[in-house]
Each structure stands twice: as structure tokens, then as C-alpha cells.
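Only one structure is covered here, and it is reproduced in the block below.
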Amino acid sequence: MTEHMFVAYNGTGGDAPATHLDSSILPGQTKLTITVEELAHQLNVSRATAYSLAQRKDFYPAIRIGHRIVVSVQALTRWLNEQTEG
């Protein structure tokens, strides 16, 4: 069963945001992005290994925002599935 987190919209103009965030991407996960440190924890690898992965050109879940690197949870799930397909 998929859990949803409902988001309130105050109606101040513009398009209404999505009415829910799908938390089925990673168990207990409701954020759209995670930090590289959280990536290390999720993959059970060292922080250095996670940063090395995040800096690779072929690791598309990583997004650079200014000097920060964040990882799209949805893209990470897709990338992991691609890595395990044989």
C-alpha cells in the first residue's frame, strides 16, 4: 500500500502544487532529494565513495545546485533499477 503525505495549498495564486508526495520511493522517505551523506547511508557506502559517485558524469541522479550536490530520490531509484537489470 502506498502512503501519501498531503500538502496544504493556501490559494495565493499560481498553480496548486501536487496534492501528495509519494513516499514509496524509499521506505519512510518523503523528501524529493537527499544529500550525498544520506546517499552514503542509503547505499551503505562510505561518504567518500558517495561523493565519488555523485561527481561522475554518468550518475544522473546527482544535481548540482550552486556548490551543493543533491540527489533526486526518484532518479536514484530508477538508476539503481538500471544497474541491477541484467
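Each chain in the C-alpha cells gets a letter, A, B and so on, in the order shown; residues start at 1 in every chain, and ligands are counted from 1 in the order they appear.
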
*Within 7 Å of Ile34 (chain A), counting only C-alpha atoms, which residues qualify if same-chain residues fewer than 4 places away don't, as a VMD selection string?*
chain A and resid 38 to 39 70 to 73

Keeping only N, CA and C atoms, take the residues you just selected and write them out as a PDB file, in the first residue's frame.
ATOM      1  N   GLU A  38      23.412  11.406   2.972  1.00  0.00           N
ATOM      2  CA  GLU A  38      22.263  10.499   3.059  1.00  0.00           C
ATOM      3  C   GLU A  38      22.355   9.404   1.999  1.00  0.00           C
ATOM      4  N   LEU A  39      22.891   9.744   0.829  1.00  0.00           N
ATOM      5  CA  LEU A  39      23.124   8.752  -0.224  1.00  0.00           C
ATOM      6  C   LEU A  39      24.064   7.664   0.290  1.00  0.00           C
ATOM      7  N   VAL A  70      22.868  17.564  -4.631  1.00  0.00           N
ATOM      8  CA  VAL A  70      21.751  16.821  -4.066  1.00  0.00           C
ATOM      9  C   VAL A  70      21.437  15.681  -5.017  1.00  0.00           C
ATOM     10  N   VAL A  71      20.741  14.687  -4.527  1.00  0.00           N
ATOM     11  CA  VAL A  71      20.429  13.503  -5.324  1.00  0.00           C
ATOM     12  C   VAL A  71      18.920  13.340  -5.368  1.00  0.00           C
ATOM     13  N   SER A  72      18.380  13.275  -6.575  1.00  0.00           N
ATOM     14  CA  SER A  72      16.953  13.049  -6.757  1.00  0.00           C
ATOM     15  C   SER A  72      16.625  11.625  -6.313  1.00  0.00           C
ATOM     16  N   VAL A  73      15.692  11.497  -5.379  1.00  0.00           N
ATOM     17  CA  VAL A  73      15.314  10.179  -4.858  1.00  0.00           C
ATOM     18  C   VAL A  73      14.681   9.340  -5.968  1.00  0.00           C
TER      19      VAL A  73
END

Shell around Phe59 (chain A) at 8 Å using only C-alpha atoms, local window under 5 positions removed, as a CSV table (one decimal) with N, CA and C atoms, in the first residue's frame:
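The file below, out19.csv, is the result:
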chain,number,residue,atom,x,y,z
A,53,LEU,N,30.9,8.9,-6.5
A,53,LEU,CA,29.7,8.5,-7.3
A,53,LEU,C,29.0,9.7,-7.8
A,54,ALA,N,28.7,10.6,-6.9
A,54,ALA,CA,27.9,11.8,-7.2
A,54,ALA,C,28.6,12.7,-8.2
A,79,TRP,N,17.9,4.7,-11.4
A,79,TRP,CA,19.3,4.4,-11.6
A,79,TRP,C,19.7,3.0,-11.0

*Identify, with DSSP run on backbone atoms, the residues in region 19-83 of chain A assigned to helix (DSSP H, G or I), and express the list as a list in words.*
Val36, Glu37, Glu38, Leu39, Ala40, His41, Gln42, Leu43, Arg47, Ala48, Thr49, Ala50, Tyr51, Ser52, Leu53, Ala54, Val73, Gln74, Ala75, Leu76, Thr77, Arg78, Trp79, Leu80, Asn81, Glu82 and Gln83 of chain A

_Gap from CA of Leu76 (chain A) to CA of Arg56 (chain A) - Å, one decimal_ =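 Those two atoms sit 13.6 Å apart.
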
*By how many Å are CA of Asn81 (chain A) and CA of Ile69 (chain A) apart?*
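Value for the CA of Asn81 (chain A)-CA of Ile69 (chain A) distance: 21.5 Å.
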